[in-house]
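These notes concern the structure reproduced below.
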Amino acid sequence: MAEPSTTVAEAAIAVSQRLYDRLAETTGIIEDQVGRESPELITDSPLLALLHETVAANVDTYFSAIRHNIPVAEVTAPAVALEHARRLAQRGVPVNALVRGYRLGHSVALQVVIEEIRSCELDPELALNVLGTMSTLMFGYIDEMSQQVVAVYQAERERWLDSRNAVRALRVREILADESQDVDAMTTAIRYPLRRTHLALVVWYPDAGGDRLAAAEGFVKHLAESLAVQGAPLFVPADSATGWAWLPLPSGTADDWAEQVRACAQAAADQPWVAVGSPLAGVGGFRRSHQQALAAHTLAVASGTPANRVTSAADPGLCAAALLGGDSLAAAAAWVAEVLGPLACATEADERLRDTLRVFLRTGSSFKAAGEQLHLHVNTVKYRVQRAIERRGHPIADDRLDVEIALLLCQWYGAGVLSSADQ
């Protein structure tokens, strides 16, 4: 015959009172087991002290709930338990370790309860009912406490990371702006080797929507894993969709880093836009490579051309084009129209003529060299060069430098400096 509920409740209260009277002993048993099985929860004295007080507070709260018949849903996690979760979040201890600690505590506490019930020498049926009551309440308590401490852990982890990243970004901006910064101190502050050779990047996504900063940082991490870098990359947010990054490279690095980055970016599923500086050494290189990446970024954004999804300071003419067109694209467009005349029109035919003339001039006015680079027959190159000069309206001998610069601007800025109608 089942025991009356009042009898079971009274027996459960009696068992909990006996355990509560030995709170220090009960706490010690649970704490020892949790510490052995989850050493990441007690990596130093402050954490050990917090774990001790957290276990004691949880045991006290659990037995109080039994003695005073408090529903689990109305029990709030002890303040010290919440602080313990916050400290673990700040230390970067995985949340799984925190949850496992509560599960271990649950397991040990249940064994302690079973031993205490056994020592009371209750009627077997009553003992079974008491165990059922106490274990049900214990499971509900652990489940509720786990949810509360995990919520606090996650909130603190996000706040801590945001705060730490904000400080890191501030220190990076200070390094970029002030040449008098202590290199070793700043290396420690931003957790990045400033005395190495650096390859600066700007990574962004023109289309809005989604967590673009996370995607940009993910691409940089993937890039660092794909390349033979010497250390973890540095990533700081520039705005909600753009990140600045630096990769620490081996000294005496090869010249093909930009092409390796280009290959990774073009193969990436989320198609980031990337601007790349040159590999440069030391704090000065940290700044200059970043300046180059910013210039390439400015040019790519201004042009908006998918062909410029990955731009590099190593690309011929890019830095000059960025310098010339950076201050006023409208003024650059007006000047291009003056220099090239109808050849500056935004048509496919004029684009072919401009590209051929640009390569022809860059290769020392060699029809053969231009043909080899463009994969065209020499006669085709001759025809297009002559046709480009005719479209412009006058020879290029007298102002060849202006023509080359105007063609360079057309190459990089595209529609941003071209005329929309024939002139």
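Following the order of the structure tokens, chains are lettered A, B, ..., residues in each are numbered from 1, and ligands are numbered from 1.
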Who sits within 9 Å of Val403 (chain A), only C-alpha atoms, same chain under 3 positions skipped, as an MDAnalysis selection string
chainID A and resid 336 339:340 358 396 399:400 406:408
Only C-alpha atoms, please: the residues just picked out, written as a PDB file, in the first residue's frame.
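Here's the written file part.pdb:
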ATOM      1  CA  VAL A 336      39.278  61.300 -68.167  1.00  0.00           C
ATOM      2  CA  VAL A 339      41.855  63.334 -72.137  1.00  0.00           C
ATOM      3  CA  LEU A 340      40.215  60.394 -73.932  1.00  0.00           C
ATOM      4  CA  ARG A 358      46.663  50.476 -72.318  1.00  0.00           C
ATOM      5  CA  ILE A 396      48.950  60.325 -78.251  1.00  0.00           C
ATOM      6  CA  ASP A 399      50.364  63.754 -73.988  1.00  0.00           C
ATOM      7  CA  ARG A 400      51.160  60.079 -73.692  1.00  0.00           C
ATOM      8  CA  ALA A 406      43.399  58.114 -67.912  1.00  0.00           C
ATOM      9  CA  LEU A 407      43.402  54.523 -69.202  1.00  0.00           C
ATOM     10  CA  LEU A 408      44.563  53.339 -65.791  1.00  0.00           C
TER      11      LEU A 408
END
Closest atom pairs, residues of region 101-179 of chain A within 10 Å of region 31-41 of chain A, only C-alpha atoms, as JSON lines:
{"residue": "A:Gly101", "atom": "CA", "partner": "A:Val34", "partner_atom": "CA", "distance": 5.9}
{"residue": "A:Tyr102", "atom": "CA", "partner": "A:Val34", "partner_atom": "CA", "distance": 8.3}
{"residue": "A:Arg103", "atom": "CA", "partner": "A:Val34", "partner_atom": "CA", "distance": 9.1}
{"residue": "A:Leu104", "atom": "CA", "partner": "A:Val34", "partner_atom": "CA", "distance": 5.9}
{"residue": "A:Gly105", "atom": "CA", "partner": "A:Val34", "partner_atom": "CA", "distance": 6.3}
{"residue": "A:His106", "atom": "CA", "partner": "A:Val34", "partner_atom": "CA", "distance": 9.9}
{"residue": "A:Ser107", "atom": "CA", "partner": "A:Gln33", "partner_atom": "CA", "distance": 9.7}
{"residue": "A:Val108", "atom": "CA", "partner": "A:Gln33", "partner_atom": "CA", "distance": 7.3}
Export of the given selection (N, CA, C and O atoms) as a compact mmCIF listing (two decimals), in the first residue's frame:
# COMPACT_ATOMS: atom_id res chain seq x y z
N GLY A 101 29.62 20.02 -14.76
CA GLY A 101 29.82 20.16 -13.32
C GLY A 101 28.52 19.99 -12.56
O GLY A 101 28.47 19.33 -11.51
N TYR A 102 27.45 20.55 -13.09
CA TYR A 102 26.14 20.41 -12.42
C TYR A 102 25.64 18.96 -12.51
O TYR A 102 25.04 18.44 -11.57
N ARG A 103 25.90 18.31 -13.63
CA ARG A 103 25.48 16.91 -13.75
C ARG A 103 26.25 16.01 -12.80
O ARG A 103 25.69 15.10 -12.19
N LEU A 104 27.56 16.28 -12.67
CA LEU A 104 28.36 15.51 -11.73
C LEU A 104 27.88 15.74 -10.30
O LEU A 104 27.77 14.79 -9.50
N GLY A 105 27.61 17.01 -9.99
CA GLY A 105 27.09 17.33 -8.66
C GLY A 105 25.78 16.62 -8.39
O GLY A 105 25.54 16.13 -7.28
N HIS A 106 24.94 16.57 -9.41
CA HIS A 106 23.65 15.86 -9.29
C HIS A 106 23.89 14.40 -8.98
O HIS A 106 23.26 13.81 -8.07
N SER A 107 24.80 13.77 -9.70
CA SER A 107 25.07 12.34 -9.52
C SER A 107 25.59 12.05 -8.12
O SER A 107 25.12 11.12 -7.43
N VAL A 108 26.55 12.86 -7.65
CA VAL A 108 27.12 12.63 -6.33
C VAL A 108 26.09 12.91 -5.24
O VAL A 108 25.97 12.14 -4.27
List as a list in words the protein and nucleic acid residues near region 8-11 of chain A, meaning an atom at most 7 Å away when only C-alpha atoms are counted, but skip any in the same chain fewer than 6 places from it.
Leu126, Asn129 and Val130 of chain A
Export N, CA, C and O atoms of the chosen residues as a PDB file, in the first residue's frame?
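The resulting file, again03.pdb, is shown below:
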ATOM      1  N   LEU A 126       8.410   3.033   2.118  1.00  0.00           N
ATOM      2  CA  LEU A 126       8.535   4.450   2.464  1.00  0.00           C
ATOM      3  C   LEU A 126       9.867   4.988   1.955  1.00  0.00           C
ATOM      4  O   LEU A 126       9.938   6.096   1.401  1.00  0.00           O
ATOM      5  N   ASN A 129       9.638   5.645  -1.687  1.00  0.00           N
ATOM      6  CA  ASN A 129       8.853   6.852  -1.989  1.00  0.00           C
ATOM      7  C   ASN A 129       9.622   8.123  -1.643  1.00  0.00           C
ATOM      8  O   ASN A 129       9.549   9.130  -2.357  1.00  0.00           O
ATOM      9  N   VAL A 130      10.366   8.084  -0.540  1.00  0.00           N
ATOM     10  CA  VAL A 130      11.160   9.245  -0.166  1.00  0.00           C
ATOM     11  C   VAL A 130      12.238   9.505  -1.217  1.00  0.00           C
ATOM     12  O   VAL A 130      12.466  10.647  -1.630  1.00  0.00           O
TER      13      VAL A 130
END
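Checking A:Val283, A:Glu158, A:Val385, A:Ala177 one by one against Gly371 (chain A), counting only C-alpha atoms, you find the shortest gap at A:Val385.
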Find the residues around Leu194 (chain A) up to 10 Å (only C-alpha atoms counted), leave out those fewer than 3 positions away in its own chain, and share them as a count of residues only.
18
Give me, as number ranges by chain, all polymer residues having an atom no more than 9 Å from Ala388 (chain A), counting only C-alpha atoms and skipping those fewer than 4 positions away in the same chain.
A: 343, 350, 353-354, 356-357, 383-384, 392-393
Do you know which residues are at most 12 Å from Arg173 (chain A) counting only C-alpha atoms, after dropping those on the same chain fewer than 6 positions away, and could you put them as an NGL selection string?
:A and (166-167 or 179 or 181 or 186 or 190 or 236-238 or 244 or 286-287 or 290)
Taking N, CA, C and O atoms for each residue, export the selection above as a PDB file, in the first residue's frame.
ATOM      1  N   ALA A 166      36.466  45.291 -28.223  1.00  0.00           N
ATOM      2  CA  ALA A 166      36.411  46.744 -28.358  1.00  0.00           C
ATOM      3  C   ALA A 166      37.728  47.363 -27.899  1.00  0.00           C
ATOM      4  O   ALA A 166      38.261  48.274 -28.537  1.00  0.00           O
ATOM      5  N   VAL A 167      38.266  46.876 -26.782  1.00  0.00           N
ATOM      6  CA  VAL A 167      39.555  47.376 -26.294  1.00  0.00           C
ATOM      7  C   VAL A 167      40.664  47.049 -27.288  1.00  0.00           C
ATOM      8  O   VAL A 167      41.534  47.882 -27.577  1.00  0.00           O
ATOM      9  N   GLU A 179      52.989  56.652 -33.968  1.00  0.00           N
ATOM     10  CA  GLU A 179      54.231  55.913 -34.183  1.00  0.00           C
ATOM     11  C   GLU A 179      55.062  55.777 -32.903  1.00  0.00           C
ATOM     12  O   GLU A 179      56.041  55.044 -32.885  1.00  0.00           O
ATOM     13  N   GLN A 181      54.133  54.496 -30.064  1.00  0.00           N
ATOM     14  CA  GLN A 181      53.653  53.430 -29.185  1.00  0.00           C
ATOM     15  C   GLN A 181      54.778  52.432 -28.867  1.00  0.00           C
ATOM     16  O   GLN A 181      55.615  52.126 -29.709  1.00  0.00           O
ATOM     17  N   MET A 186      52.321  47.039 -26.878  1.00  0.00           N
ATOM     18  CA  MET A 186      51.178  46.921 -27.779  1.00  0.00           C
ATOM     19  C   MET A 186      51.015  45.492 -28.285  1.00  0.00           C
ATOM     20  O   MET A 186      49.897  45.019 -28.500  1.00  0.00           O
ATOM     21  N   ILE A 190      47.367  43.698 -27.844  1.00  0.00           N
ATOM     22  CA  ILE A 190      46.498  43.226 -28.934  1.00  0.00           C
ATOM     23  C   ILE A 190      46.703  41.745 -29.239  1.00  0.00           C
ATOM     24  O   ILE A 190      46.033  41.189 -30.115  1.00  0.00           O
ATOM     25  N   VAL A 236      39.908  42.932 -36.472  1.00  0.00           N
ATOM     26  CA  VAL A 236      39.141  43.916 -35.709  1.00  0.00           C
ATOM     27  C   VAL A 236      38.041  44.474 -36.614  1.00  0.00           C
ATOM     28  O   VAL A 236      38.248  44.654 -37.817  1.00  0.00           O
ATOM     29  N   PRO A 237      36.861  44.744 -36.062  1.00  0.00           N
ATOM     30  CA  PRO A 237      35.774  45.308 -36.868  1.00  0.00           C
ATOM     31  C   PRO A 237      36.065  46.757 -37.242  1.00  0.00           C
ATOM     32  O   PRO A 237      36.593  47.518 -36.438  1.00  0.00           O
ATOM     33  N   ALA A 238      35.746  47.108 -38.466  1.00  0.00           N
ATOM     34  CA  ALA A 238      35.827  48.509 -38.904  1.00  0.00           C
ATOM     35  C   ALA A 238      34.440  49.137 -38.863  1.00  0.00           C
ATOM     36  O   ALA A 238      34.272  50.293 -38.496  1.00  0.00           O
ATOM     37  N   TRP A 244      39.020  44.669 -40.572  1.00  0.00           N
ATOM     38  CA  TRP A 244      40.430  44.838 -40.876  1.00  0.00           C
ATOM     39  C   TRP A 244      41.172  43.621 -40.320  1.00  0.00           C
ATOM     40  O   TRP A 244      40.877  43.148 -39.226  1.00  0.00           O
ATOM     41  N   PHE A 286      53.232  47.142 -40.569  1.00  0.00           N
ATOM     42  CA  PHE A 286      51.867  46.925 -40.075  1.00  0.00           C
ATOM     43  C   PHE A 286      50.962  48.069 -40.533  1.00  0.00           C
ATOM     44  O   PHE A 286      49.852  47.843 -41.017  1.00  0.00           O
ATOM     45  N   ARG A 287      51.470  49.292 -40.403  1.00  0.00           N
ATOM     46  CA  ARG A 287      50.686  50.476 -40.789  1.00  0.00           C
ATOM     47  C   ARG A 287      50.595  50.612 -42.312  1.00  0.00           C
ATOM     48  O   ARG A 287      49.522  50.835 -42.865  1.00  0.00           O
ATOM     49  N   HIS A 290      48.454  48.166 -44.156  1.00  0.00           N
ATOM     50  CA  HIS A 290      47.044  48.500 -43.903  1.00  0.00           C
ATOM     51  C   HIS A 290      46.604  49.675 -44.770  1.00  0.00           C
ATOM     52  O   HIS A 290      45.500  49.668 -45.324  1.00  0.00           O
TER      53      HIS A 290
END
Nearest to Gln154 (chain A), chosen from A:Leu23, A:Cys345, A:Ala263, A:Ala85, with only C-alpha atoms counted in the distances
A:Ala85
Hey, what's within 12 Å of Leu122 (chain A) if we count only C-alpha atoms and toss same-chain stuff fewer than 3 positions away? As a CSV table (one decimal) with C-alpha atoms, in the first residue's frame, please?
chain,number,residue,atom,x,y,z
A,3,GLU,CA,2.5,5.7,1.9
A,7,THR,CA,4.3,10.7,5.7
A,8,VAL,CA,6.6,10.7,2.6
A,11,ALA,CA,10.3,11.6,6.0
A,12,ALA,CA,12.0,13.5,3.2
A,14,ALA,CA,13.8,14.5,8.1
A,15,VAL,CA,16.4,13.1,5.7
A,114,ILE,CA,20.5,7.3,-1.1
A,115,GLU,CA,23.1,6.5,1.6
A,116,GLU,CA,21.3,8.7,4.0
A,117,ILE,CA,17.9,7.2,3.3
A,118,ARG,CA,19.5,3.7,3.7
A,119,SER,CA,21.0,4.7,7.1
A,125,GLU,CA,8.2,1.2,0.6
A,126,LEU,CA,8.5,4.4,2.5
A,127,ALA,CA,12.2,4.6,1.7
A,128,LEU,CA,11.5,4.1,-2.0
A,129,ASN,CA,8.9,6.9,-2.0
A,130,VAL,CA,11.2,9.2,-0.2
A,131,LEU,CA,13.9,8.6,-2.7
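Between Ile66 (chain A) and the residues A:Arg87, A:Ile389, A:Met134, A:Leu19, the shortest atom-to-atom distance, using only C-alpha atoms, involves A:Met134.
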Using DSSP on the backbone coordinates, identify the residues of region 256-333 of chain A assigned to strand (DSSP E); present them as a JSON list (two decimals) with N, CA and C atoms, in the first residue's frame.
[["chain", "number", "residue", "atom", "x", "y", "z"],
["A", 273, "TRP", "N", 34.46, 40.19, -50.39],
["A", 273, "TRP", "CA", 35.30, 41.13, -51.14],
["A", 273, "TRP", "C", 36.54, 41.37, -50.28],
["A", 274, "VAL", "N", 37.70, 41.34, -50.92],
["A", 274, "VAL", "CA", 38.95, 41.42, -50.16],
["A", 274, "VAL", "C", 39.90, 42.40, -50.82],
["A", 275, "ALA", "N", 40.48, 43.27, -50.02],
["A", 275, "ALA", "CA", 41.54, 44.17, -50.47],
["A", 275, "ALA", "C", 42.80, 43.81, -49.72],
["A", 276, "VAL", "N", 43.92, 43.70, -50.42],
["A", 276, "VAL", "CA", 45.15, 43.16, -49.86],
["A", 276, "VAL", "C", 46.28, 44.17, -49.99],
["A", 280, "LEU", "N", 54.89, 43.55, -45.48],
["A", 280, "LEU", "CA", 55.88, 44.51, -44.99],
["A", 280, "LEU", "C", 56.19, 44.23, -43.53],
["A", 281, "ALA", "N", 57.42, 44.54, -43.12],
["A", 281, "ALA", "CA", 57.91, 44.14, -41.81],
["A", 281, "ALA", "C", 57.75, 45.23, -40.75],
["A", 310, "VAL", "N", 38.48, 41.01, -55.57],
["A", 310, "VAL", "CA", 39.74, 40.84, -54.85],
["A", 310, "VAL", "C", 40.76, 41.77, -55.48],
["A", 311, "THR", "N", 41.19, 42.78, -54.75],
["A", 311, "THR", "CA", 42.16, 43.75, -55.26],
["A", 311, "THR", "C", 43.40, 43.70, -54.38],
["A", 312, "SER", "N", 44.53, 44.01, -54.98],
["A", 312, "SER", "CA", 45.79, 43.94, -54.25],
["A", 312, "SER", "C", 46.67, 45.11, -54.61]]
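Shortest atom-to-atom contact with Ala214 (chain A) among A:Val359, A:Leu234, A:Ala241, A:Leu329: A:Ala241, counting only C-alpha atoms.
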Closest of A:Ser419, A:Thr54, A:Arg195, A:Tyr20 to Asp182 (chain A), counting only C-alpha atoms, is A:Arg195
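Distances here use only C-alpha atoms; by that measure, the residue among A:Gln291, A:Asn308, A:Ser303, A:Ser420 closest to Glu348 (chain A) is A:Ser420.
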Taking the DSSP secondary structure from the backbone, can you list the residues of region 285-361 of chain A that are alpha helix (DSSP H), as number ranges by chain?
A: 285-303, 318-325, 329-340, 348-361
For those residues, write N, CA and C atoms to a file as a compact mmCIF listing (two decimals), in the first residue's frame.
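The resulting file, again-v8.txt, is shown below:
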# COMPACT_ATOMS: atom_id res chain seq x y z
N GLY A 285 55.58 48.43 -41.24
CA GLY A 285 54.94 47.58 -42.23
C GLY A 285 53.50 47.27 -41.86
N PHE A 286 53.23 47.14 -40.57
CA PHE A 286 51.87 46.92 -40.07
C PHE A 286 50.96 48.07 -40.53
N ARG A 287 51.47 49.29 -40.40
CA ARG A 287 50.69 50.48 -40.79
C ARG A 287 50.60 50.61 -42.31
N ARG A 288 51.75 50.50 -42.98
CA ARG A 288 51.77 50.76 -44.43
C ARG A 288 50.97 49.72 -45.20
N SER A 289 51.09 48.46 -44.83
CA SER A 289 50.31 47.42 -45.52
C SER A 289 48.83 47.68 -45.34
N HIS A 290 48.45 48.17 -44.16
CA HIS A 290 47.04 48.50 -43.90
C HIS A 290 46.60 49.68 -44.77
N GLN A 291 47.47 50.69 -44.89
CA GLN A 291 47.14 51.83 -45.75
C GLN A 291 46.92 51.38 -47.19
N GLN A 292 47.76 50.47 -47.64
CA GLN A 292 47.61 49.96 -49.01
C GLN A 292 46.30 49.18 -49.17
N ALA A 293 45.97 48.37 -48.18
CA ALA A 293 44.71 47.61 -48.24
C ALA A 293 43.52 48.55 -48.23
N LEU A 294 43.60 49.63 -47.43
CA LEU A 294 42.51 50.61 -47.41
C LEU A 294 42.36 51.29 -48.77
N ALA A 295 43.49 51.61 -49.42
CA ALA A 295 43.43 52.23 -50.74
C ALA A 295 42.78 51.30 -51.75
N ALA A 296 43.14 50.02 -51.69
CA ALA A 296 42.54 49.04 -52.60
C ALA A 296 41.05 48.88 -52.30
N HIS A 297 40.71 48.93 -51.03
CA HIS A 297 39.30 48.84 -50.63
C HIS A 297 38.50 50.02 -51.16
N THR A 298 39.06 51.22 -51.01
CA THR A 298 38.38 52.42 -51.49
C THR A 298 38.13 52.35 -53.00
N LEU A 299 39.14 51.88 -53.73
CA LEU A 299 39.00 51.76 -55.18
C LEU A 299 37.93 50.73 -55.55
N ALA A 300 37.96 49.57 -54.88
CA ALA A 300 36.99 48.51 -55.20
C ALA A 300 35.57 48.95 -54.90
N VAL A 301 35.38 49.66 -53.78
CA VAL A 301 34.04 50.14 -53.42
C VAL A 301 33.56 51.18 -54.43
N ALA A 302 34.47 52.07 -54.83
CA ALA A 302 34.10 53.12 -55.79
C ALA A 302 33.74 52.54 -57.14
N SER A 303 34.46 51.52 -57.57
CA SER A 303 34.18 50.94 -58.88
C SER A 303 32.95 50.05 -58.84
N LEU A 318 47.30 49.85 -59.47
CA LEU A 318 46.19 50.03 -58.52
C LEU A 318 46.47 51.17 -57.55
N CYS A 319 47.65 51.19 -56.94
CA CYS A 319 47.94 52.23 -55.94
C CYS A 319 47.89 53.62 -56.55
N ALA A 320 48.41 53.75 -57.77
CA ALA A 320 48.36 55.04 -58.45
C ALA A 320 46.93 55.45 -58.76
N ALA A 321 46.13 54.49 -59.19
CA ALA A 321 44.73 54.78 -59.50
C ALA A 321 43.97 55.17 -58.24
N ALA A 322 44.24 54.48 -57.14
CA ALA A 322 43.58 54.81 -55.88
C ALA A 322 43.96 56.21 -55.42
N LEU A 323 45.22 56.56 -55.59
CA LEU A 323 45.69 57.88 -55.19
C LEU A 323 45.08 58.98 -56.04
N LEU A 324 45.00 58.73 -57.33
CA LEU A 324 44.48 59.74 -58.26
C LEU A 324 42.97 59.91 -58.16
N GLY A 325 42.26 58.82 -57.94
CA GLY A 325 40.81 58.92 -57.94
C GLY A 325 40.18 58.97 -56.58
N LEU A 329 36.07 61.41 -57.33
CA LEU A 329 35.86 60.57 -58.50
C LEU A 329 35.20 61.36 -59.61
N ALA A 330 34.36 62.31 -59.23
CA ALA A 330 33.69 63.12 -60.26
C ALA A 330 34.70 63.96 -61.03
N ALA A 331 35.68 64.52 -60.29
CA ALA A 331 36.72 65.31 -60.96
C ALA A 331 37.57 64.41 -61.84
N ALA A 332 37.86 63.21 -61.36
CA ALA A 332 38.64 62.26 -62.16
C ALA A 332 37.89 61.90 -63.44
N ALA A 333 36.58 61.70 -63.34
CA ALA A 333 35.77 61.35 -64.51
C ALA A 333 35.78 62.48 -65.54
N ALA A 334 35.69 63.72 -65.05
CA ALA A 334 35.70 64.87 -65.97
C ALA A 334 37.05 64.95 -66.69
N TRP A 335 38.11 64.70 -65.93
CA TRP A 335 39.45 64.76 -66.54
C TRP A 335 39.64 63.62 -67.55
N VAL A 336 39.17 62.43 -67.24
CA VAL A 336 39.28 61.30 -68.17
C VAL A 336 38.56 61.61 -69.47
N ALA A 337 37.38 62.23 -69.38
CA ALA A 337 36.61 62.57 -70.58
C ALA A 337 37.38 63.60 -71.43
N GLU A 338 38.05 64.54 -70.75
CA GLU A 338 38.82 65.54 -71.48
C GLU A 338 40.02 64.91 -72.20
N VAL A 339 40.65 63.94 -71.57
CA VAL A 339 41.86 63.33 -72.14
C VAL A 339 41.53 62.33 -73.23
N LEU A 340 40.50 61.49 -73.00
CA LEU A 340 40.21 60.39 -73.93
C LEU A 340 39.10 60.70 -74.93
N GLU A 348 31.11 48.33 -74.79
CA GLU A 348 32.00 47.18 -74.85
C GLU A 348 33.09 47.39 -75.91
N ALA A 349 32.72 48.01 -77.02
CA ALA A 349 33.70 48.24 -78.09
C ALA A 349 34.81 49.17 -77.62
N ASP A 350 34.42 50.26 -76.94
CA ASP A 350 35.44 51.18 -76.44
C ASP A 350 36.27 50.55 -75.33
N GLU A 351 35.68 49.69 -74.55
CA GLU A 351 36.44 49.00 -73.50
C GLU A 351 37.54 48.13 -74.11
N ARG A 352 37.21 47.43 -75.19
CA ARG A 352 38.22 46.61 -75.87
C ARG A 352 39.35 47.48 -76.41
N LEU A 353 38.98 48.62 -77.00
CA LEU A 353 40.00 49.52 -77.54
C LEU A 353 40.88 50.09 -76.43
N ARG A 354 40.26 50.49 -75.31
CA ARG A 354 41.04 51.04 -74.19
C ARG A 354 42.01 50.00 -73.62
N ASP A 355 41.52 48.78 -73.43
CA ASP A 355 42.39 47.73 -72.87
C ASP A 355 43.58 47.45 -73.79
N THR A 356 43.31 47.41 -75.08
CA THR A 356 44.40 47.15 -76.03
C THR A 356 45.41 48.29 -76.03
N LEU A 357 44.93 49.52 -76.05
CA LEU A 357 45.83 50.67 -76.05
C LEU A 357 46.63 50.74 -74.74
N ARG A 358 45.98 50.43 -73.61
CA ARG A 358 46.66 50.48 -72.32
C ARG A 358 47.81 49.47 -72.27
N VAL A 359 47.54 48.23 -72.70
CA VAL A 359 48.59 47.20 -72.69
C VAL A 359 49.69 47.54 -73.69
N PHE A 360 49.30 48.08 -74.84
CA PHE A 360 50.28 48.48 -75.87
C PHE A 360 51.24 49.53 -75.31
N LEU A 361 50.73 50.53 -74.62
CA LEU A 361 51.58 51.58 -74.07
C LEU A 361 52.43 51.04 -72.91
